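What follows is one structure encoded as structure tokens, with my remarks underneath.
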Amino acid sequence: MSRRGLLLMGQCMPCIKQNASKIRIRRMELDKNLNMYFKKDEFYFAHDPQKVCKTGDVVLIKELPDRLTRLITHNVEKVVYPLGDITDPLTGKKVVVGKYREDIEMANQLFGKSEKAFDYDKAPPRGRLEGTKDFTHGETYIKYHEDGKDQPFAV
Amino acid sequence: MNKLLNIAQAVPRQFVREYAFKSDLKIKWVRPEKIACYKPEKSGDLGKLPPLKPDELLLDFKDCKALENADESVKSQYKLSNNASYLTTQFYRDEMVKEVQRHAQDYGSMEAKLGKMTAIIRRYQVHMDAHPRDKMIKVRLKELIEKRKKFLKYLRRWDYPRFEWILEKLELVYKPPPTHFHWITRKESLQKLTDTYCENLKEERLEAYHKQLQAQQIPFLEEAIKKMQFVRQEQISCDVPVTVTEEQIADSKRQLAQLKELQQAEAAASSQKQNEDSFN
């Protein structure tokens with residue numbers, strides 16, 4: 001229907017839908033009564049059969065010319081910032097909070113890096129602990145029923 | 001009055017009980033048992049502290065040269081088992097920090113902090129099992145667990161590879177908090193259970209209907225091929241314009257062959273499974 005091809009940037013949210021990702025677009029909305037801005041979330045479902053975007057990633061989505069299903073209206077264009085794996089757009093170096101990873105590594109070398117310490121080169125890509133130790137790929141809920149089965153997402 | 005009663009009886013039951021509707025479904029709700037906040041299953045600790053070696057020396061006297069040649073009675077004064085409990089905690093804390101620290105002087109990085117907290121938490125958890133009424137330790141422990149969770153949340157946002165590494169190294173489980181808090185009530189839980197029950201029922205019935213339709217496919221195609229062939233022959237023999245082509249018939253035959261192959265494959269798979277089950 002829409003011929004706009006609108007591009008939006010948002011954050012990927014946990015989603016149980018297969019081959020789709022739930023994207024949160026957060027805008028500020030003016031409350032005229034209080035004359036203050038408040039956060040306002042909109043959720044879109046973007047077609048993503050390979051599941052390129054994981055929970056927390058900042059992604060660009062593009063409006064599809066025709067909606068694919070009743071829910072899926074967008075397409076994942078690009079993962080701009082993977083969560084916790086930020087590249088500085090100016091220098092192209094990896095960043096951790098306020099420091100370059102290189103600088104941290106250099107400091108470690110100067111102090112004499114420990115054998116057991118974490119090494120970025122050996123780190124496998126994200127997602128190996130999903131379902132065993134890291135449960136951020138789904139939504140958790142407060143446990144309301146004891147059915148004898150294992151409920152991994154119950155808190 | 002009698003008239004009114006008659007009307008009430010004539011009206012179906014569901015209209016009468018609009019309020020306080022009670023379901024006839026046999027769904028049994030079991031309230032989940034409360035787990036104390038300091039327990040490992042709640043705090044996400046999968047690993048345990050290593051057992052203490054009996055003649056481990058105090059942290060400050062580990063590499064003491066004077067103690068090496070000292071008398072056994074003097075040496076025993078500096079053993080962990082003969083000293084205060086907090087010194088053992090310190091010992092464990094140091095061990096765990098050394099597992100994850102970046103370099104020998106590092107005690108302030110996020111990994112080191114998490115290692116330190118984890119050691120203390122596990123030590124306190126052991127204490128709480130032995131002394132469940134120790135309120136002071138309980139409060140400290142709860143605060144530490146919550147702080148560690150917050151730090152894990154930060155680390156995940158800052159540096160995902162390191163976050164995953166630390167989860168593996170310290171054997172922790174990270175579950176994000178639920179979106180909103182609510183008390184567990186009988187009514188709401190039963191509503192949720194009923195919803196899932198209905199959802200399952202729907203899927204089951206759809207699946208059954210799907211199977212039923214699939215079973216009809218092969219007989220239908222066989223019948224259709226026969227009829228198409230008959231119609232074609234009749235049309236040719238009666239000199240009427242032919243509407244059924246050879247291609248159409250061949251197409252249906254191909255479909256039939258595919259379906260039969262699929263069925264055979266499924267049957268073979270199921271029989272193999274049965275064999276394996278009986279063998280086991």
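Naming works like this for the structure tokens: A, B, ... for the chains as they're shown, residue 1 at the start of each chain, ligands 1 onward in shown order.
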
Residue list for chain A near chain B as number ranges by chain, 10 Å, only C-alpha atoms: A: 56-57, 82-86, 95-98, 101, 104-105, 107-120, 122-148, 152-155

Within 12 Å of Gln263 of chain B using only C-alpha atoms, minus same-chain residues under 6 positions, as a list in words: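 Everything that qualifies: Gln214, Ala215, Gln217, Ile218, Leu256, Ala257, Ala269 and Ser270 of chain B.
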
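Atom CA of His74 of chain A sits 9.1 Å away from atom CA of Leu7 of chain A.
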
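The shell of residues at most 8 Å from segment 17-24 of chain A, with only C-alpha atoms counted and near chain neighbours (fewer than 2 positions) removed, consists of Gly10, Gln11, Cys12, Met13, Pro14, Cys15, Arg26, Asp41, Glu42, Phe43, Tyr44, Phe45, Ala46, His47, Asp48, Pro49, Gln50, Lys51, Cys53 and Ile72 of chain A.
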
Point-to-point distance in Å for atom CA of Val79 of chain A and atom CA of Met110 of chain B: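 These atoms are spaced 27.0 Å apart.
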
Interatomic distance (Å, one decimal) between atom CA of Glu199 of chain B and atom CA of Asp24 of chain B: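 Distance between the two atoms: 16.7 Å.
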
Backbone DSSP call of strand (DSSP E) for chain A, listed as number ranges by chain: A: 7-13, 20-31, 36-47, 58-63, 72-81, 86-87, 94-96, 99-100

From segment 15-241 of chain B, collect each residue whose DSSP state is helix (DSSP H, G or I) and return the set as a compact mmCIF listing (two decimals) with N, CA and C atoms, in the first residue's frame.
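As a result, out27.txt now contains:
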# COMPACT_ATOMS: atom_id res chain seq x y z
N PHE B 15 -26.66 -17.00 30.91
CA PHE B 15 -27.15 -15.62 30.99
C PHE B 15 -27.42 -15.22 32.42
N VAL B 16 -27.77 -16.21 33.23
CA VAL B 16 -28.08 -15.92 34.62
C VAL B 16 -26.81 -15.56 35.37
N PRO B 40 20.38 -19.81 45.94
CA PRO B 40 21.09 -19.80 44.66
C PRO B 40 20.17 -19.87 43.44
N GLU B 41 19.03 -20.59 43.55
CA GLU B 41 18.17 -20.67 42.37
C GLU B 41 17.53 -19.33 42.05
N LYS B 42 17.43 -18.45 43.05
CA LYS B 42 16.88 -17.13 42.80
C LYS B 42 17.98 -16.15 42.37
N SER B 43 19.14 -16.29 42.99
CA SER B 43 20.21 -15.34 42.69
C SER B 43 20.95 -15.69 41.40
N LEU B 59 45.76 -15.44 54.13
CA LEU B 59 46.12 -14.72 52.92
C LEU B 59 47.44 -13.96 53.07
N ASP B 60 47.62 -13.31 54.22
CA ASP B 60 48.81 -12.48 54.42
C ASP B 60 50.06 -13.30 54.69
N PHE B 61 49.88 -14.56 55.07
CA PHE B 61 51.05 -15.39 55.44
C PHE B 61 51.30 -16.50 54.43
N LYS B 65 58.29 -16.72 54.67
CA LYS B 65 59.43 -17.63 54.73
C LYS B 65 59.69 -18.12 56.14
N ALA B 66 59.39 -17.27 57.11
CA ALA B 66 59.62 -17.64 58.50
C ALA B 66 58.74 -18.81 58.92
N LEU B 67 57.55 -18.91 58.29
CA LEU B 67 56.61 -19.96 58.66
C LEU B 67 57.01 -21.32 58.08
N GLU B 68 57.81 -21.30 57.02
CA GLU B 68 58.13 -22.55 56.33
C GLU B 68 58.85 -23.54 57.24
N GLU B 72 55.15 -27.02 64.00
CA GLU B 72 53.79 -27.35 63.53
C GLU B 72 52.72 -26.63 64.34
N SER B 73 52.98 -26.50 65.65
CA SER B 73 51.99 -25.83 66.51
C SER B 73 51.90 -24.35 66.17
N VAL B 74 53.02 -23.76 65.79
CA VAL B 74 53.01 -22.34 65.39
C VAL B 74 52.30 -22.19 64.06
N LYS B 75 52.57 -23.13 63.17
CA LYS B 75 52.00 -23.08 61.82
C LYS B 75 50.47 -23.17 61.88
N SER B 76 50.00 -24.03 62.78
CA SER B 76 48.55 -24.24 62.86
C SER B 76 47.82 -22.97 63.29
N LEU B 80 43.71 -21.41 58.02
CA LEU B 80 42.38 -20.80 57.86
C LEU B 80 41.36 -21.41 58.81
N SER B 81 41.48 -22.72 58.99
CA SER B 81 40.47 -23.41 59.81
C SER B 81 40.56 -23.00 61.27
N ASN B 82 41.71 -22.48 61.69
CA ASN B 82 41.85 -22.08 63.09
C ASN B 82 41.66 -20.58 63.29
N SER B 85 36.06 -16.57 60.58
CA SER B 85 35.39 -16.94 59.32
C SER B 85 35.62 -15.89 58.24
N TYR B 86 35.70 -14.62 58.64
CA TYR B 86 35.83 -13.58 57.62
C TYR B 86 37.14 -13.68 56.86
N LEU B 87 38.15 -14.32 57.49
CA LEU B 87 39.43 -14.49 56.80
C LEU B 87 39.31 -15.53 55.70
N THR B 88 38.47 -16.54 55.93
CA THR B 88 38.21 -17.53 54.87
C THR B 88 37.48 -16.86 53.71
N THR B 89 36.53 -15.97 54.05
CA THR B 89 35.82 -15.24 53.01
C THR B 89 36.81 -14.43 52.17
N GLN B 90 37.73 -13.77 52.87
CA GLN B 90 38.75 -12.98 52.16
C GLN B 90 39.56 -13.86 51.23
N PHE B 91 39.90 -15.04 51.72
CA PHE B 91 40.69 -15.98 50.93
C PHE B 91 39.95 -16.36 49.64
N TYR B 92 38.67 -16.71 49.78
CA TYR B 92 37.86 -17.08 48.62
C TYR B 92 37.73 -15.92 47.65
N ARG B 93 37.53 -14.73 48.23
CA ARG B 93 37.35 -13.53 47.42
C ARG B 93 38.57 -13.31 46.54
N ASP B 94 39.72 -13.45 47.16
CA ASP B 94 40.96 -13.24 46.42
C ASP B 94 41.13 -14.27 45.32
N GLU B 95 40.80 -15.51 45.64
CA GLU B 95 40.91 -16.59 44.65
C GLU B 95 40.06 -16.29 43.43
N MET B 96 38.82 -15.87 43.71
CA MET B 96 37.89 -15.66 42.60
C MET B 96 38.28 -14.45 41.76
N VAL B 97 38.75 -13.40 42.42
CA VAL B 97 39.18 -12.22 41.67
C VAL B 97 40.34 -12.59 40.77
N LYS B 98 41.24 -13.42 41.27
CA LYS B 98 42.40 -13.80 40.46
C LYS B 98 42.00 -14.59 39.22
N GLU B 99 40.86 -15.26 39.29
CA GLU B 99 40.37 -16.02 38.13
C GLU B 99 39.99 -15.11 36.97
N VAL B 100 39.46 -13.92 37.33
CA VAL B 100 38.86 -13.11 36.27
C VAL B 100 39.57 -11.77 36.03
N MET B 110 35.22 -4.12 36.18
CA MET B 110 33.90 -4.72 36.38
C MET B 110 34.01 -6.21 36.65
N GLU B 111 34.89 -6.91 35.93
CA GLU B 111 35.02 -8.36 36.13
C GLU B 111 35.49 -8.66 37.55
N ALA B 112 36.51 -7.88 37.98
CA ALA B 112 37.06 -8.12 39.32
C ALA B 112 36.00 -7.89 40.38
N LYS B 113 35.21 -6.80 40.17
CA LYS B 113 34.15 -6.49 41.14
C LYS B 113 33.13 -7.63 41.20
N LEU B 114 32.75 -8.11 40.00
CA LEU B 114 31.75 -9.18 39.96
C LEU B 114 32.29 -10.45 40.61
N GLY B 115 33.58 -10.73 40.37
CA GLY B 115 34.19 -11.92 40.97
C GLY B 115 34.18 -11.83 42.49
N LYS B 116 34.53 -10.63 42.96
CA LYS B 116 34.57 -10.40 44.41
C LYS B 116 33.19 -10.59 45.03
N MET B 117 32.20 -9.97 44.39
CA MET B 117 30.83 -10.07 44.91
C MET B 117 30.36 -11.52 44.91
N THR B 118 30.66 -12.23 43.82
CA THR B 118 30.19 -13.61 43.71
C THR B 118 30.75 -14.47 44.82
N ALA B 119 32.06 -14.28 45.11
CA ALA B 119 32.66 -15.07 46.18
C ALA B 119 31.98 -14.80 47.50
N ILE B 120 31.72 -13.51 47.78
CA ILE B 120 31.09 -13.16 49.06
C ILE B 120 29.67 -13.71 49.11
N ILE B 121 28.96 -13.58 47.99
CA ILE B 121 27.57 -14.06 47.96
C ILE B 121 27.52 -15.55 48.25
N ARG B 122 28.41 -16.30 47.61
CA ARG B 122 28.35 -17.77 47.81
C ARG B 122 28.74 -18.13 49.23
N ARG B 123 29.65 -17.37 49.79
CA ARG B 123 30.07 -17.61 51.17
C ARG B 123 28.89 -17.33 52.13
N TYR B 124 28.20 -16.22 51.87
CA TYR B 124 27.04 -15.87 52.70
C TYR B 124 25.91 -16.87 52.54
N GLN B 125 25.76 -17.39 51.33
CA GLN B 125 24.68 -18.36 51.11
C GLN B 125 24.90 -19.62 51.94
N VAL B 126 26.17 -20.03 52.03
CA VAL B 126 26.48 -21.18 52.88
C VAL B 126 26.14 -20.86 54.33
N HIS B 127 26.48 -19.63 54.74
CA HIS B 127 26.20 -19.19 56.11
C HIS B 127 24.69 -19.18 56.38
N MET B 128 23.92 -18.71 55.39
CA MET B 128 22.46 -18.60 55.57
C MET B 128 21.81 -19.98 55.69
N ASP B 129 22.39 -20.97 55.01
CA ASP B 129 21.83 -22.33 55.13
C ASP B 129 22.00 -22.84 56.56
N ALA B 130 23.13 -22.48 57.15
CA ALA B 130 23.38 -22.94 58.52
C ALA B 130 22.64 -22.09 59.54
N LYS B 135 19.53 -12.14 60.36
CA LYS B 135 18.90 -11.10 59.55
C LYS B 135 19.94 -10.16 58.94
N MET B 136 21.01 -9.93 59.68
CA MET B 136 21.99 -8.97 59.21
C MET B 136 22.65 -9.47 57.92
N ILE B 137 23.06 -10.72 57.96
CA ILE B 137 23.71 -11.30 56.78
C ILE B 137 22.71 -11.39 55.63
N LYS B 138 21.46 -11.68 55.98
CA LYS B 138 20.43 -11.81 54.95
C LYS B 138 20.27 -10.50 54.19
N VAL B 139 20.23 -9.40 54.95
CA VAL B 139 20.08 -8.09 54.31
C VAL B 139 21.29 -7.79 53.44
N ARG B 140 22.46 -8.02 53.98
CA ARG B 140 23.68 -7.75 53.22
C ARG B 140 23.72 -8.57 51.95
N LEU B 141 23.32 -9.84 52.10
CA LEU B 141 23.35 -10.77 50.98
C LEU B 141 22.38 -10.32 49.89
N LYS B 142 21.19 -9.92 50.30
CA LYS B 142 20.18 -9.50 49.33
C LYS B 142 20.67 -8.27 48.56
N GLU B 143 21.24 -7.34 49.31
CA GLU B 143 21.73 -6.12 48.67
C GLU B 143 22.85 -6.42 47.68
N LEU B 144 23.71 -7.35 48.09
CA LEU B 144 24.83 -7.70 47.20
C LEU B 144 24.33 -8.36 45.92
N ILE B 145 23.35 -9.27 46.07
CA ILE B 145 22.82 -9.97 44.90
C ILE B 145 22.20 -8.97 43.93
N GLU B 146 21.47 -8.00 44.50
CA GLU B 146 20.82 -7.02 43.64
C GLU B 146 21.85 -6.13 42.95
N LYS B 147 22.89 -5.79 43.69
CA LYS B 147 23.94 -4.95 43.11
C LYS B 147 24.66 -5.69 41.99
N ARG B 148 24.91 -6.97 42.23
CA ARG B 148 25.59 -7.77 41.19
C ARG B 148 24.73 -7.85 39.94
N LYS B 149 23.44 -7.98 40.14
CA LYS B 149 22.52 -8.04 38.99
C LYS B 149 22.57 -6.73 38.20
N LYS B 150 22.62 -5.63 38.94
CA LYS B 150 22.69 -4.32 38.28
C LYS B 150 23.98 -4.19 37.50
N PHE B 151 25.08 -4.65 38.08
CA PHE B 151 26.37 -4.56 37.40
C PHE B 151 26.38 -5.43 36.15
N LEU B 152 25.75 -6.60 36.24
CA LEU B 152 25.67 -7.47 35.07
C LEU B 152 24.88 -6.79 33.96
N LYS B 153 23.83 -6.08 34.37
CA LYS B 153 23.01 -5.36 33.39
C LYS B 153 23.86 -4.30 32.67
N TYR B 154 24.66 -3.56 33.46
CA TYR B 154 25.52 -2.54 32.86
C TYR B 154 26.53 -3.19 31.91
N LEU B 155 27.16 -4.27 32.40
CA LEU B 155 28.22 -4.89 31.61
C LEU B 155 27.66 -5.40 30.28
N ARG B 156 26.45 -5.90 30.32
CA ARG B 156 25.83 -6.41 29.10
C ARG B 156 25.67 -5.28 28.09
N ARG B 157 25.30 -4.12 28.58
CA ARG B 157 25.09 -2.98 27.68
C ARG B 157 26.42 -2.45 27.14
N TRP B 158 27.44 -2.52 27.96
CA TRP B 158 28.73 -1.93 27.57
C TRP B 158 29.52 -2.84 26.65
N TYR B 160 29.28 -6.80 25.35
CA TYR B 160 28.59 -8.08 25.34
C TYR B 160 29.52 -9.30 25.39
N PRO B 161 30.63 -9.33 24.59
CA PRO B 161 31.51 -10.51 24.67
C PRO B 161 32.04 -10.75 26.07
N ARG B 162 32.37 -9.67 26.75
CA ARG B 162 32.91 -9.80 28.12
C ARG B 162 31.83 -10.29 29.08
N PHE B 163 30.61 -9.82 28.88
CA PHE B 163 29.46 -10.24 29.70
C PHE B 163 29.25 -11.76 29.59
N GLU B 164 29.28 -12.25 28.35
CA GLU B 164 29.08 -13.69 28.15
C GLU B 164 30.23 -14.48 28.78
N TRP B 165 31.42 -13.95 28.63
CA TRP B 165 32.59 -14.63 29.19
C TRP B 165 32.49 -14.73 30.70
N ILE B 166 32.05 -13.62 31.32
CA ILE B 166 32.00 -13.62 32.80
C ILE B 166 30.89 -14.55 33.29
N LEU B 167 29.78 -14.63 32.56
CA LEU B 167 28.72 -15.56 32.94
C LEU B 167 29.25 -16.99 32.94
N GLU B 168 30.03 -17.31 31.94
CA GLU B 168 30.57 -18.66 31.82
C GLU B 168 31.60 -18.93 32.91
N LYS B 169 32.43 -17.91 33.13
CA LYS B 169 33.55 -18.08 34.06
C LYS B 169 33.05 -18.22 35.50
N LEU B 170 32.09 -17.37 35.88
CA LEU B 170 31.59 -17.40 37.26
C LEU B 170 30.38 -18.31 37.42
N ARG B 186 -5.02 -16.03 42.34
CA ARG B 186 -5.68 -17.22 41.83
C ARG B 186 -6.41 -16.90 40.54
N LYS B 187 -7.12 -15.78 40.58
CA LYS B 187 -7.98 -15.42 39.45
C LYS B 187 -7.16 -15.21 38.17
N GLU B 188 -6.13 -14.38 38.30
CA GLU B 188 -5.34 -14.04 37.12
C GLU B 188 -4.61 -15.27 36.57
N SER B 189 -4.09 -16.08 37.50
CA SER B 189 -3.36 -17.28 37.06
C SER B 189 -4.30 -18.22 36.33
N LEU B 190 -5.51 -18.37 36.87
CA LEU B 190 -6.48 -19.26 36.22
C LEU B 190 -6.88 -18.72 34.85
N GLN B 191 -6.97 -17.40 34.76
CA GLN B 191 -7.28 -16.80 33.45
C GLN B 191 -6.20 -17.15 32.44
N LYS B 192 -4.95 -17.01 32.87
CA LYS B 192 -3.82 -17.31 31.97
C LYS B 192 -3.83 -18.77 31.58
N LEU B 193 -4.06 -19.64 32.57
CA LEU B 193 -4.07 -21.08 32.29
C LEU B 193 -5.18 -21.45 31.32
N THR B 194 -6.35 -20.80 31.52
CA THR B 194 -7.47 -21.07 30.62
C THR B 194 -7.13 -20.62 29.20
N ASP B 195 -6.48 -19.47 29.11
CA ASP B 195 -6.08 -18.97 27.79
C ASP B 195 -5.17 -19.97 27.08
N THR B 196 -4.17 -20.47 27.80
CA THR B 196 -3.24 -21.41 27.17
C THR B 196 -3.97 -22.71 26.82
N TYR B 197 -4.91 -23.12 27.68
CA TYR B 197 -5.68 -24.34 27.41
C TYR B 197 -6.46 -24.19 26.11
N CYS B 198 -7.13 -23.03 25.97
CA CYS B 198 -7.92 -22.79 24.75
C CYS B 198 -7.03 -22.74 23.52
N GLU B 199 -5.87 -22.11 23.69
CA GLU B 199 -4.92 -21.98 22.58
C GLU B 199 -4.47 -23.37 22.12
N ASN B 200 -4.15 -24.22 23.09
CA ASN B 200 -3.71 -25.59 22.76
C ASN B 200 -4.81 -26.36 22.07
N LEU B 201 -6.03 -26.20 22.60
CA LEU B 201 -7.18 -26.91 22.04
C LEU B 201 -7.38 -26.52 20.57
N LYS B 202 -7.26 -25.23 20.33
CA LYS B 202 -7.43 -24.71 18.97
C LYS B 202 -6.41 -25.32 18.04
N GLU B 203 -5.17 -25.32 18.49
CA GLU B 203 -4.09 -25.85 17.66
C GLU B 203 -4.28 -27.34 17.40
N GLU B 204 -4.68 -28.05 18.45
CA GLU B 204 -4.90 -29.50 18.33
C GLU B 204 -5.96 -29.80 17.27
N ARG B 205 -7.06 -29.05 17.36
CA ARG B 205 -8.16 -29.30 16.43
C ARG B 205 -7.77 -28.94 15.01
N LEU B 206 -7.05 -27.83 14.86
CA LEU B 206 -6.60 -27.43 13.53
C LEU B 206 -5.69 -28.51 12.94
N GLU B 207 -4.83 -29.04 13.80
CA GLU B 207 -3.88 -30.07 13.36
C GLU B 207 -4.64 -31.32 12.91
N ALA B 208 -5.66 -31.69 13.72
CA ALA B 208 -6.45 -32.87 13.40
C ALA B 208 -7.17 -32.69 12.06
N TYR B 209 -7.72 -31.48 11.86
CA TYR B 209 -8.43 -31.19 10.62
C TYR B 209 -7.47 -31.23 9.44
N HIS B 210 -6.27 -30.71 9.65
CA HIS B 210 -5.24 -30.72 8.62
C HIS B 210 -4.90 -32.15 8.21
N LYS B 211 -4.76 -33.00 9.21
CA LYS B 211 -4.46 -34.42 8.96
C LYS B 211 -5.57 -35.07 8.15
N GLN B 212 -6.81 -34.74 8.57
CA GLN B 212 -7.98 -35.31 7.90
C GLN B 212 -7.99 -34.92 6.42
N LEU B 213 -7.72 -33.64 6.16
CA LEU B 213 -7.70 -33.18 4.77
C LEU B 213 -6.58 -33.85 3.98
N GLN B 214 -5.44 -34.02 4.65
CA GLN B 214 -4.30 -34.65 3.98
C GLN B 214 -4.62 -36.08 3.60
N ALA B 215 -5.34 -36.77 4.49
CA ALA B 215 -5.69 -38.17 4.22
C ALA B 215 -6.61 -38.27 3.00
N GLN B 216 -7.40 -37.20 2.76
CA GLN B 216 -8.33 -37.24 1.63
C GLN B 216 -7.65 -36.95 0.30
N GLN B 217 -6.42 -36.42 0.35
CA GLN B 217 -5.76 -35.95 -0.88
C GLN B 217 -5.56 -37.07 -1.89
N ILE B 218 -5.03 -38.22 -1.44
CA ILE B 218 -4.66 -39.28 -2.37
C ILE B 218 -5.89 -39.90 -3.05
N PRO B 219 -6.92 -40.29 -2.28
CA PRO B 219 -8.12 -40.81 -2.95
C PRO B 219 -8.73 -39.81 -3.93
N PHE B 220 -8.71 -38.52 -3.52
CA PHE B 220 -9.29 -37.50 -4.40
C PHE B 220 -8.54 -37.44 -5.73
N LEU B 221 -7.20 -37.44 -5.67
CA LEU B 221 -6.41 -37.33 -6.90
C LEU B 221 -6.62 -38.55 -7.78
N GLU B 222 -6.67 -39.74 -7.16
CA GLU B 222 -6.88 -40.96 -7.94
C GLU B 222 -8.20 -40.87 -8.70
N GLU B 223 -9.21 -40.44 -7.95
CA GLU B 223 -10.56 -40.30 -8.54
C GLU B 223 -10.53 -39.28 -9.68
N ALA B 224 -9.83 -38.16 -9.42
CA ALA B 224 -9.81 -37.09 -10.40
C ALA B 224 -9.13 -37.54 -11.69
N ILE B 225 -8.04 -38.30 -11.56
CA ILE B 225 -7.32 -38.77 -12.76
C ILE B 225 -8.23 -39.68 -13.58
N LYS B 226 -8.90 -40.57 -12.89
CA LYS B 226 -9.80 -41.50 -13.58
C LYS B 226 -10.87 -40.73 -14.36
N LYS B 227 -11.44 -39.74 -13.67
CA LYS B 227 -12.55 -38.99 -14.29
C LYS B 227 -12.04 -38.18 -15.48
N MET B 228 -10.85 -37.59 -15.29
CA MET B 228 -10.29 -36.77 -16.37
C MET B 228 -10.03 -37.61 -17.61
N GLN B 229 -9.47 -38.80 -17.37
CA GLN B 229 -9.20 -39.70 -18.50
C GLN B 229 -10.50 -40.08 -19.21
N PHE B 230 -11.51 -40.38 -18.39
CA PHE B 230 -12.81 -40.77 -18.95
C PHE B 230 -13.40 -39.64 -19.79
N VAL B 231 -13.37 -38.43 -19.24
CA VAL B 231 -13.95 -37.27 -19.92
C VAL B 231 -13.21 -37.02 -21.24
N ARG B 232 -11.90 -37.15 -21.19
CA ARG B 232 -11.09 -36.89 -22.39
C ARG B 232 -11.45 -37.90 -23.49
N GLN B 233 -11.53 -39.17 -23.10
CA GLN B 233 -11.86 -40.20 -24.08
C GLN B 233 -13.24 -39.98 -24.68
N GLU B 234 -14.17 -39.63 -23.82
CA GLU B 234 -15.53 -39.39 -24.28
C GLU B 234 -15.57 -38.24 -25.27
N GLN B 235 -14.82 -37.16 -24.90
CA GLN B 235 -14.81 -35.97 -25.76
C GLN B 235 -14.23 -36.29 -27.13
N ILE B 236 -13.14 -37.10 -27.12
CA ILE B 236 -12.50 -37.46 -28.41
C ILE B 236 -13.45 -38.32 -29.24
N SER B 237 -14.08 -39.29 -28.58
CA SER B 237 -14.94 -40.21 -29.33
C SER B 237 -16.21 -39.52 -29.84
